[in-house]
>>> print(open('structure_8.cif').read())   # mmCIF, C-alpha atoms
data_entry
loop_
_atom_site.label_atom_id
_atom_site.label_comp_id
_atom_site.auth_asym_id
_atom_site.auth_seq_id
_atom_site.Cartn_x
_atom_site.Cartn_y
_atom_site.Cartn_z
CA MET A 1 258.15 -16.93 225.02
CA ALA A 2 258.37 -18.52 228.49
CA LYS A 3 258.97 -16.39 231.56
CA LYS A 4 262.29 -16.76 233.32
CA ASP A 5 262.26 -18.17 236.82
CA PRO A 6 263.08 -15.32 239.29
CA PHE A 7 265.14 -17.72 241.39
CA GLU A 8 267.22 -18.67 238.36
CA LYS A 9 268.06 -14.99 237.85
CA PHE A 10 269.06 -14.73 241.54
CA ARG A 11 271.14 -17.91 241.34
CA GLN A 12 272.98 -16.65 238.27
CA ALA A 13 273.69 -13.32 239.99
CA THR A 14 274.97 -14.82 243.23
CA LEU A 15 276.41 -18.24 242.44
CA GLY A 16 277.16 -17.67 238.78
CA GLY A 17 276.56 -20.10 235.99
CA GLU A 18 278.98 -22.86 235.09
CA THR A 19 281.91 -20.59 235.92
CA ASP A 20 283.21 -20.24 239.43
CA SER A 21 282.27 -17.18 241.46
CA PRO A 22 283.66 -16.14 244.87
CA LEU A 23 280.37 -16.93 246.61
CA LYS A 24 280.09 -20.34 244.96
CA ALA A 25 283.68 -21.14 245.96
CA ALA A 26 283.07 -20.03 249.57
CA LEU A 27 279.95 -22.17 249.84
CA SER A 28 281.57 -25.26 248.40
CA GLN A 29 284.71 -25.21 250.60
CA GLU A 30 285.12 -27.78 253.34
CA PRO A 31 285.28 -26.32 256.85
CA LYS A 32 288.83 -25.85 258.07
CA VAL A 33 288.05 -27.14 261.55
CA PRO A 34 286.25 -30.47 261.64
CA VAL A 35 282.97 -30.24 263.46
CA GLN A 36 282.64 -32.83 266.19
CA VAL A 37 279.17 -33.91 267.11
CA ASP A 38 278.55 -35.16 270.62
CA THR A 39 276.78 -38.48 270.15
CA ARG A 40 276.61 -39.38 273.82
CA VAL A 41 273.16 -39.76 275.30
CA PRO A 42 272.66 -37.73 278.49
CA VAL A 43 271.80 -39.87 281.48
CA ARG A 44 269.17 -38.64 283.90
CA PRO A 45 269.94 -39.11 287.55
CA THR A 46 267.67 -41.67 289.12
CA THR A 47 265.43 -40.66 291.97
CA PRO A 48 264.30 -43.11 294.58
CA ALA A 49 260.78 -44.35 293.95
CA ALA A 50 258.03 -43.86 296.51
CA PRO A 51 257.20 -46.94 298.57
CA VAL A 52 254.53 -49.03 296.93
CA ASP A 53 252.45 -49.50 300.09
CA ALA A 54 252.08 -45.75 300.78
CA PRO A 55 249.50 -44.19 298.43
CA VAL A 56 250.18 -40.61 297.44
CA VAL A 57 247.30 -38.40 298.54
CA GLN A 58 247.11 -34.97 297.00
CA PRO A 59 244.71 -32.39 298.38
CA GLU A 60 241.85 -31.51 296.06
CA LYS A 61 242.29 -28.11 294.45
CA VAL A 62 239.49 -25.67 295.18
CA SER A 63 239.13 -22.79 292.79
CA LYS A 64 238.63 -19.32 294.23
CA ASN A 65 235.84 -18.93 291.68
CA ASP A 66 234.09 -22.10 292.79
CA LYS A 67 231.15 -20.19 294.32
CA ARG A 68 231.22 -17.25 291.93
CA ASP A 69 229.67 -16.42 288.55
CA LEU A 70 231.15 -14.27 285.81
CA VAL A 71 228.92 -11.24 285.19
CA SER A 72 229.26 -8.69 282.43
CA PHE A 73 227.43 -5.39 282.30
CA HIS A 74 227.56 -1.99 280.65
CA LEU A 75 228.73 1.03 282.60
CA GLU A 76 228.67 4.66 281.54
CA ARG A 77 232.12 5.93 280.58
CA GLU A 78 231.95 8.81 283.04
CA HIS A 79 231.10 6.45 285.90
CA LYS A 80 233.96 4.15 284.94
CA ARG A 81 236.34 7.13 284.80
CA LEU A 82 235.26 8.23 288.29
CA LEU A 83 235.54 4.66 289.52
CA GLY A 84 239.11 4.69 288.19
CA TYR A 85 239.91 7.51 290.63
CA ILE A 86 238.54 5.44 293.51
CA LYS A 87 240.55 2.45 292.26
CA PHE A 88 243.72 4.54 292.21
CA ASP A 89 243.08 6.12 295.62
CA THR A 90 242.25 2.86 297.40
CA GLY A 91 244.57 0.50 295.52
CA LYS A 92 241.70 -1.94 294.99
CA SER A 93 240.86 -3.65 291.71
CA TYR A 94 237.75 -2.93 289.66
CA ASN A 95 236.47 -6.37 290.63
CA ASP A 96 236.82 -5.59 294.35
CA LEU A 97 234.99 -2.29 293.88
CA TYR A 98 232.17 -3.93 291.90
CA CYS A 99 231.76 -6.62 294.58
CA GLU A 100 231.72 -3.95 297.31
CA ALA A 101 229.02 -2.02 295.43
CA VAL A 102 226.86 -5.13 295.05
CA GLU A 103 227.24 -5.91 298.76
CA ASP A 104 226.19 -2.35 299.59
CA LEU A 105 223.09 -2.74 297.41
CA LEU A 106 222.18 -6.04 299.05
CA ARG A 107 222.50 -4.46 302.51
CA LYS A 108 220.44 -1.44 301.39
CA TYR A 109 217.57 -3.67 300.29
CA GLY A 110 217.85 -5.98 303.30
CA LYS A 111 218.98 -9.07 301.40
CA LEU A 112 222.30 -9.45 303.19
#
>>> encode(input="structure_8.cif", output="structure tokens")
Amino acid sequence: MAKKDPFEKFRQATLGGETDSPLKAALSQEPKVPVQVDTRVPVRPTTPAAPVDAPVVQPEKVSKNDKRDLVSFHLEREHKRLLGYIKFDTGKSYNDLYCEAVEDLLRKYGKL
């Protein structure tokens, strides 16, 4: 015995078999208002071209991270929590606080 297709069971329940059902009749009706499709192609406004003899010079973009390296390190949770208080009080980002701490260490050891 072959299994029945689940979609066939759904189709029979909703659209009915050979007999007409209300859903089948609603789906097969022509729309009362004809749908008009706009077949016109939109035209873009033309912009004047730049003069050929004047080359366009764009300034070279310089990244703010051009002279920086990404560093990742582990920090004790308690220290990070306390650093969060400093971050909140000063309005600085963690990155700014880390950079400040590194600068302080470099000054302490006479490297800056």
>>> atom_distance(input="structure_8.cif", atom1="atom CA of A:Lys87", atom2="atom CA of A:Gly110")
26.6 Å
>>> atom_distance(input="structure_8.cif", atom1="atom CA of A:His74", atom2="atom CA of A:Tyr98")
12.3 Å
>>> atom_distance(input="structure_8.cif", atom1="atom CA of A:Ala101", atom2="atom CA of A:Lys67")
18.3 Å
>>> axis_aligned_box(input="structure_8.cif", around="stretch 84-98 of chain A", padding_each_side="4 Å", output="lines of an AutoDock Vina configuration file")
center_x = 238.4
center_y = 0.6
center_z = 292.8
size_x = 20.4
size_y = 21.9
size_z = 17.2
>>> closest_residue(input="structure_8.cif", among="A:Ile86, A:Ala13, A:Val43, A:Val71", to="A:Val102", atoms="all atoms listed in the file")
A:Val71
